[in-house]
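Participant: The structure is given below, and queries will be raised subsequently.
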Number of protein chains: 2
Amino acid sequence: MNFPELLEKTAERNDSIACLGLDPVIGKIPIKGKDSGKKIVKFYSEVLAAVSDSIAAVKPNYAFFSQYGFEGLKAMETLIAAAKKEKLPIILDAKRGDIGKSSEAYSKEVFEVWKADAVTVNPYMGSDSVAPFINYCGKGKGAYVLVRTSNPGANDLQRLGTETGRKLFMEVAAKVAQWHREGVGAVVGATNTAELEKITKFFTAANKKIPLLIPGVGAQGGSAREVAAVLRKNGSDIRIHRINSSSGISYAYEKTGSDDYVGAAVKAVKELNSEIGL
Amino acid sequence: MNFPELLEKTAERNDSIACLGLDPVIGKIPIKGKDSGKKIVKFYSEVLAAVSDSIAAVKPNYAFFSQYGFEGLKAMETLIAAAKKEKLPIILDAKRGDIGKSSEAYSKEVFEVWKADAVTVNPYMGSDSVAPFINYCGKGKGAYVLVRTSNPGANDLQRLGTETGRKLFMEVAAKVAQWHREGVGAVVGATNTAELEKITKFFTAANKKIPLLIPGVGAQGGSAREVAAVLRKNGSDIRIHRINSSSGISYAYEKTGSDDYVGAAVKAVKELNSEIGL
């Protein structure tokens, strides 16, 4: 099964295109104890068990685990195994990218050490830096290239006009279409739906089936409802795309005045799914 | 002591601006045994001990360690500690970069977990993605932003013309000058000395002391002699810059017909220093 098929199948089974982002922050986990790794595992295992039938992917963010050193990375390994048991696609959000040989080593890390199904990849260093990840797409894996990110700094370079008449992020979108094989996807933030629409139209016109990973709803200000509307109107199969929410699900309990993080997460997933309206 | 001072002091002490890149590949390490981690540590500890007085920084490449999972990362931790004992600046080549909060977590990983002195950073996501690393520059650390990389794929995006009349890599150079504080540096490959010269001239004209990390000599085709000539003629203090060689030093033994990797590494460092001609 190739990666887009895994995405479609999971979306159909769970009636969702929501992706649960795992961004552990010890100070936000209301569990007592001194062992950071154990707290992270307990917190996310409980959340995962409660929502695994109503989400369609899990996105561990490498940074949030690696900031806690080996115990953080051990926790990530454990949670990836738990999510795989639930047959959820694992998108490792690691923003990797280096010269060819180094990217080859990174692709081994991502797919063989961490056993992820897909990874996020930074395009700044160009084709040979992305190629090793794309080669794994031939083996059922996925690689989401950063096209238009959801953060304020995206304006600094991504929206610069270029000599081709396109902005840089559209130039990267063109590269993605050019590099495309089954499993190559794109990261496009939810915070600018006009540009999201431009990108989906471009991929549709290029006749490429390119799964989008869309972060930025909730805390960053993007609207899942608007994003879903854009995805729906441009003729691409919405089931291959993923709309991510991290703290909006895991830390939803903070806004409730209670420590019932599982209950709050279940409610947040339900709301996200209903906003998307699959 | 801020990071540029550490660079200058080390260069003066060891009469070198060479940086030893650590890119472990098990198949290239001529040591018997089953434990990958132990082999990596033994190999690089011996090389390091032999050359530590004649190099001026160490650059572990995260990808090459993380491809071996936890034992690879443990080996990296051990080698960083060994290099710190020799008072060598540690530049963690990890190409990090994500939205603000995630980059904040990455900066903790790099400086607090791995205890590096500096890190390489990818600029594609813009200012908030780079800011957390730059904030650490206020605490004596360094952050090298990728400007013009040494790989063939650098042509895909970095050399695109932009609306400002500058190529993208010069636009990034301008951002680096704008973001500058003591400790902010730039990665500029050795494979295109005309562009290296353009960048050094630009930083000199902007009156900014920006340490360059220059990979790409040896296997990738750049010439240390030509690079050093460029650095010398543009008025910047050559002692804050670093010219990196990885496999050209560690795996120099492969070209000798002998397994004396330490002897070959010592010879390769001597040659590199003499080409640079400090």
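Ordering of the structure tokens sets the chain letters (A, B, ...); residue numbers start at 1 within each chain; ligands are numbered from 1 in the order shown.
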Got a sec to tell me which of region 16-134 of chain B DSSP assigns to strand (DSSP E), as a list in words?
Facilitator: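 Filtering region 16-134 of chain B to strand (DSSP E) leaves Ala18, Cys19, Leu20, Gly21, Leu22, Ala57, Val58, Lys59, Pro60, Ile91, Leu92, Asp93, Ala94, Lys95, Arg96, Ala118, Val119, Thr120 and Val121 of chain B.
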Participant: Any chance you could export the current selection's N, CA and C atoms as a CSV table (one decimal), in the first residue's frame?
Facilitator:
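After the write, again-v2.csv holds the following:
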chain,number,residue,atom,x,y,z
B,18,ALA,N,40.8,25.1,10.7
B,18,ALA,CA,40.1,23.9,10.1
B,18,ALA,C,39.1,23.3,11.1
B,19,CYS,N,38.0,22.9,10.6
B,19,CYS,CA,37.0,22.2,11.4
B,19,CYS,C,36.9,20.8,11.0
B,20,LEU,N,36.9,19.9,12.0
B,20,LEU,CA,36.8,18.5,11.7
B,20,LEU,C,35.4,18.0,11.8
B,21,GLY,N,34.8,17.6,10.6
B,21,GLY,CA,33.5,17.1,10.6
B,21,GLY,C,33.4,15.7,11.0
B,22,LEU,N,32.4,15.3,11.8
B,22,LEU,CA,32.2,13.9,12.2
B,22,LEU,C,31.0,13.4,11.5
B,57,ALA,N,37.9,23.5,15.5
B,57,ALA,CA,36.5,23.3,15.8
B,57,ALA,C,36.1,21.8,15.4
B,58,VAL,N,35.0,21.3,15.9
B,58,VAL,CA,34.5,20.0,15.6
B,58,VAL,C,33.1,20.1,15.2
B,59,LYS,N,32.7,19.5,14.1
B,59,LYS,CA,31.3,19.6,13.6
B,59,LYS,C,30.7,18.2,13.5
B,60,PRO,N,30.0,17.8,14.5
B,60,PRO,CA,29.3,16.5,14.4
B,60,PRO,C,28.0,16.7,13.5
B,91,ILE,N,30.3,22.7,16.8
B,91,ILE,CA,29.3,23.2,15.9
B,91,ILE,C,28.4,22.0,15.5
B,92,LEU,N,27.2,21.9,16.1
B,92,LEU,CA,26.3,20.8,15.8
B,92,LEU,C,25.6,21.1,14.4
B,93,ASP,N,25.9,20.2,13.5
B,93,ASP,CA,25.4,20.4,12.1
B,93,ASP,C,24.1,19.7,12.1
B,94,ALA,N,23.0,20.4,12.4
B,94,ALA,CA,21.7,19.8,12.5
B,94,ALA,C,20.6,20.4,11.6
B,95,LYS,N,21.0,21.5,11.0
B,95,LYS,CA,20.1,22.2,10.0
B,95,LYS,C,18.7,22.3,10.6
B,96,ARG,N,18.6,22.8,11.8
B,96,ARG,CA,17.3,23.0,12.5
B,96,ARG,C,16.5,24.2,12.0
B,118,ALA,N,27.5,25.9,19.0
B,118,ALA,CA,26.8,26.5,17.9
B,118,ALA,C,26.0,25.5,17.1
B,119,VAL,N,25.2,25.9,16.2
B,119,VAL,CA,24.3,25.0,15.4
B,119,VAL,C,24.1,25.6,14.0
B,120,THR,N,23.8,24.7,13.1
B,120,THR,CA,23.4,25.2,11.7
B,120,THR,C,21.9,25.3,11.7
B,121,VAL,N,21.4,26.4,11.0
B,121,VAL,CA,20.0,26.7,11.1
B,121,VAL,C,19.5,27.0,9.6
Participant: Give me the residues near region 261-273 of chain B as a ChimeraX atom specification, where near means some atom within 12 Å (using only C-alpha atoms) and where sequence neighbours in that chain fewer than 3 positions away do not count.
Facilitator: /B:11,14-21,28-31,42-56,217-218,223-228,242-258,276-278
Participant: Got time to write the residues from that selection, C-alpha atoms, as an mmCIF file, in the first residue's frame?
Facilitator:
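Okay, selection.cif is ready:
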data_model
loop_
_atom_site.group_PDB
_atom_site.id
_atom_site.type_symbol
_atom_site.label_atom_id
_atom_site.label_comp_id
_atom_site.auth_asym_id
_atom_site.auth_seq_id
_atom_site.Cartn_x
_atom_site.Cartn_y
_atom_site.Cartn_z
ATOM 1 C CA ALA B 11 42.397 29.666 15.941
ATOM 2 C CA ASN B 14 46.092 25.964 17.409
ATOM 3 C CA ASP B 15 47.205 28.048 14.444
ATOM 4 C CA SER B 16 44.329 26.674 12.366
ATOM 5 C CA ILE B 17 40.850 27.473 11.115
ATOM 6 C CA ALA B 18 40.149 23.857 10.149
ATOM 7 C CA CYS B 19 36.972 22.247 11.391
ATOM 8 C CA LEU B 20 36.837 18.466 11.696
ATOM 9 C CA GLY B 21 33.453 17.134 10.559
ATOM 10 C CA LYS B 28 34.068 2.961 6.632
ATOM 11 C CA ILE B 29 35.356 2.419 10.163
ATOM 12 C CA PRO B 30 38.097 -0.253 10.105
ATOM 13 C CA ILE B 31 37.509 -1.516 13.646
ATOM 14 C CA LYS B 42 36.823 4.577 19.431
ATOM 15 C CA PHE B 43 37.442 5.720 15.848
ATOM 16 C CA TYR B 44 36.733 9.407 16.371
ATOM 17 C CA SER B 45 38.282 9.573 19.861
ATOM 18 C CA GLU B 46 41.569 8.375 18.433
ATOM 19 C CA VAL B 47 41.390 10.755 15.484
ATOM 20 C CA LEU B 48 40.403 13.649 17.765
ATOM 21 C CA ALA B 49 43.199 12.975 20.272
ATOM 22 C CA ALA B 50 45.742 13.000 17.450
ATOM 23 C CA VAL B 51 44.574 16.208 15.726
ATOM 24 C CA SER B 52 43.057 18.268 18.550
ATOM 25 C CA ASP B 53 46.057 20.611 18.713
ATOM 26 C CA SER B 54 45.941 21.363 15.017
ATOM 27 C CA ILE B 55 42.229 21.926 14.327
ATOM 28 C CA ALA B 56 39.975 24.739 15.529
ATOM 29 C CA VAL B 217 36.324 21.250 0.313
ATOM 30 C CA GLY B 218 37.734 17.886 -0.713
ATOM 31 C CA SER B 223 39.590 24.177 -2.809
ATOM 32 C CA ALA B 224 40.734 25.244 0.682
ATOM 33 C CA ARG B 225 43.500 27.328 -0.878
ATOM 34 C CA GLU B 226 41.063 29.339 -2.998
ATOM 35 C CA VAL B 227 38.628 29.731 -0.111
ATOM 36 C CA ALA B 228 41.375 31.019 2.177
ATOM 37 C CA ARG B 242 36.058 27.815 9.709
ATOM 38 C CA ILE B 243 36.778 25.595 6.712
ATOM 39 C CA ASN B 244 35.301 22.163 7.286
ATOM 40 C CA SER B 245 36.557 18.799 6.132
ATOM 41 C CA SER B 246 34.801 15.591 7.145
ATOM 42 C CA SER B 247 35.570 12.425 5.180
ATOM 43 C CA GLY B 248 38.667 14.145 3.737
ATOM 44 C CA ILE B 249 40.213 13.821 7.201
ATOM 45 C CA SER B 250 38.504 10.877 8.907
ATOM 46 C CA TYR B 251 38.505 8.574 5.913
ATOM 47 C CA ALA B 252 41.807 9.782 4.431
ATOM 48 C CA TYR B 253 43.241 6.332 5.224
ATOM 49 C CA GLU B 254 41.092 4.795 2.449
ATOM 50 C CA LYS B 255 43.399 6.269 -0.178
ATOM 51 C CA THR B 256 46.584 5.025 1.488
ATOM 52 C CA GLY B 257 46.177 1.264 1.211
ATOM 53 C CA SER B 258 46.670 1.007 4.990
ATOM 54 C CA ILE B 276 44.870 27.425 4.138
ATOM 55 C CA GLY B 277 48.253 28.885 5.086
ATOM 56 C CA LEU B 278 47.239 30.723 8.228
#
Participant: For chain B, list the residues within 8 Å of chain A, counting only C-alpha atoms, and write the list as a PyMOL selection string.
Facilitator: chain B and resi 61+63-64+66-70+95-100+102-103+105-110+113+122-129+149-158+160-163+172
Participant: Given the selection you just returned, output its residues as a file containing N, CA and C atoms, formatted as a CSV table (one decimal), in the first residue's frame.
Facilitator:
chain,number,residue,atom,x,y,z
B,61,ASN,N,27.8,15.9,12.6
B,61,ASN,CA,26.7,16.0,11.7
B,61,ASN,C,25.6,15.0,12.3
B,63,ALA,N,22.7,13.9,11.4
B,63,ALA,CA,22.2,12.9,10.5
B,63,ALA,C,23.0,11.6,10.6
B,64,PHE,N,24.3,11.7,10.6
B,64,PHE,CA,25.1,10.5,10.6
B,64,PHE,C,25.1,9.7,11.9
B,66,SER,N,22.3,10.0,14.1
B,66,SER,CA,20.9,9.6,14.4
B,66,SER,C,20.5,8.4,13.5
B,67,GLN,N,21.2,8.2,12.4
B,67,GLN,CA,20.9,7.1,11.6
B,67,GLN,C,21.1,5.8,12.3
B,68,TYR,N,21.9,5.8,13.4
B,68,TYR,CA,22.2,4.6,14.2
B,68,TYR,C,21.4,4.6,15.5
B,69,GLY,N,20.4,5.4,15.5
B,69,GLY,CA,19.5,5.4,16.7
B,69,GLY,C,20.1,5.8,18.0
B,70,PHE,N,19.7,5.3,19.1
B,70,PHE,CA,20.1,5.7,20.4
B,70,PHE,C,21.6,5.5,20.5
B,95,LYS,N,21.0,21.5,11.0
B,95,LYS,CA,20.1,22.2,10.0
B,95,LYS,C,18.7,22.3,10.6
B,96,ARG,N,18.6,22.8,11.8
B,96,ARG,CA,17.3,23.0,12.5
B,96,ARG,C,16.5,24.2,12.0
B,97,GLY,N,15.2,24.2,12.2
B,97,GLY,CA,14.4,25.3,11.9
B,97,GLY,C,12.9,24.9,11.8
B,98,ASP,N,12.0,25.7,12.5
B,98,ASP,CA,10.6,25.4,12.6
B,98,ASP,C,9.9,26.6,13.1
B,99,ILE,N,8.6,26.6,13.3
B,99,ILE,CA,7.9,27.8,13.8
B,99,ILE,C,8.5,28.1,15.2
B,100,GLY,N,8.3,29.3,15.6
B,100,GLY,CA,8.9,29.8,16.8
B,100,GLY,C,9.0,28.9,18.0
B,102,SER,N,8.6,25.7,18.2
B,102,SER,CA,9.3,24.4,17.9
B,102,SER,C,10.8,24.7,17.9
B,103,SER,N,11.2,25.9,17.3
B,103,SER,CA,12.6,26.2,17.2
B,103,SER,C,13.1,26.5,18.6
B,105,ALA,N,12.2,24.8,21.2
B,105,ALA,CA,12.5,23.5,21.7
B,105,ALA,C,13.8,23.0,21.1
B,106,TYR,N,13.9,23.2,19.8
B,106,TYR,CA,15.2,22.7,19.1
B,106,TYR,C,16.4,23.4,19.8
B,107,SER,N,16.3,24.7,20.1
B,107,SER,CA,17.4,25.4,20.7
B,107,SER,C,17.8,24.8,22.0
B,108,LYS,N,16.8,24.4,22.8
B,108,LYS,CA,17.1,23.7,24.0
B,108,LYS,C,17.8,22.4,23.8
B,109,GLU,N,17.3,21.6,22.8
B,109,GLU,CA,17.9,20.4,22.4
B,109,GLU,C,19.4,20.6,22.1
B,110,VAL,N,19.7,21.6,21.2
B,110,VAL,CA,21.0,21.8,20.7
B,110,VAL,C,22.0,22.3,21.8
B,113,VAL,N,20.7,20.0,25.8
B,113,VAL,CA,20.9,18.5,25.8
B,113,VAL,C,22.2,18.1,25.2
B,122,ASN,N,18.3,26.4,9.3
B,122,ASN,CA,17.7,26.6,8.0
B,122,ASN,C,16.8,27.8,8.0
B,123,PRO,N,17.0,28.7,7.0
B,123,PRO,CA,16.2,30.0,7.1
B,123,PRO,C,14.8,30.0,6.4
B,124,TYR,N,14.4,28.9,5.7
B,124,TYR,CA,13.3,28.9,4.9
B,124,TYR,C,12.0,29.4,5.6
B,125,MET,N,11.9,29.1,6.9
B,125,MET,CA,10.7,29.5,7.6
B,125,MET,C,10.7,30.9,8.2
B,126,GLY,N,11.9,31.6,8.0
B,126,GLY,CA,11.9,33.0,8.3
B,126,GLY,C,12.3,33.4,9.8
B,127,SER,N,12.1,34.7,10.1
B,127,SER,CA,12.7,35.2,11.3
B,127,SER,C,12.2,34.5,12.6
B,128,ASP,N,11.0,34.2,12.8
B,128,ASP,CA,10.6,33.6,14.1
B,128,ASP,C,11.2,32.2,14.2
B,129,SER,N,11.5,31.6,13.1
B,129,SER,CA,12.1,30.2,13.2
B,129,SER,C,13.6,30.3,13.5
B,149,THR,N,24.6,26.9,0.1
B,149,THR,CA,25.2,25.6,0.4
B,149,THR,C,26.0,25.1,-0.7
B,150,SER,N,26.8,24.0,-0.4
B,150,SER,CA,27.8,23.5,-1.3
B,150,SER,C,27.3,22.5,-2.3
B,151,ASN,N,26.1,22.0,-2.2
B,151,ASN,CA,25.5,20.9,-3.0
B,151,ASN,C,25.0,21.3,-4.3
B,152,PRO,N,24.8,20.4,-5.3
B,152,PRO,CA,24.3,20.8,-6.6
B,152,PRO,C,22.9,21.4,-6.5
B,153,GLY,N,22.0,20.9,-5.6
B,153,GLY,CA,20.7,21.3,-5.4
B,153,GLY,C,20.5,22.8,-5.0
B,154,ALA,N,21.7,23.4,-4.5
B,154,ALA,CA,21.6,24.8,-4.1
B,154,ALA,C,21.1,25.7,-5.2
B,155,ASN,N,21.4,25.2,-6.5
B,155,ASN,CA,20.9,26.0,-7.6
B,155,ASN,C,19.4,26.1,-7.7
B,156,ASP,N,18.7,25.1,-7.2
B,156,ASP,CA,17.2,25.1,-7.4
B,156,ASP,C,16.5,26.3,-6.9
B,157,LEU,N,16.8,26.7,-5.6
B,157,LEU,CA,16.1,27.8,-5.0
B,157,LEU,C,17.1,28.9,-4.7
B,158,GLN,N,18.2,28.6,-4.1
B,158,GLN,CA,19.1,29.6,-3.6
B,158,GLN,C,19.6,30.6,-4.6
B,160,LEU,N,17.8,31.5,-7.4
B,160,LEU,CA,16.8,32.2,-8.1
B,160,LEU,C,16.9,33.7,-7.9
B,161,GLY,N,16.6,34.4,-8.9
B,161,GLY,CA,16.5,35.9,-8.8
B,161,GLY,C,15.3,36.3,-8.1
B,162,THR,N,15.3,37.3,-7.3
B,162,THR,CA,14.1,37.7,-6.5
B,162,THR,C,13.7,39.2,-6.9
B,163,GLU,N,12.5,39.6,-6.4
B,163,GLU,CA,12.0,40.9,-6.8
B,163,GLU,C,12.9,42.1,-6.3
B,172,VAL,N,19.0,36.1,1.7
B,172,VAL,CA,19.2,35.4,3.0
B,172,VAL,C,20.4,36.1,3.7
Participant: Considering only alpha helix (DSSP H) as DSSP defines it on the backbone, what residues of region 96-134 of chain A qualify? List them as a ChimeraX atom specification.
Facilitator: /A:100-108,127-134
Participant: Show which residues sit within 9 Å of Gly221 (chain B), as number ranges by chain. Count only C-alpha atoms, and ignore same-chain residues fewer than 4 positions away.
Facilitator: B: 190-191, 216-217
Participant: So what do you get for CA of Leu213 (chain A) versus CA of Thr10 (chain A), distance-wise?
Facilitator: 14.8 Å
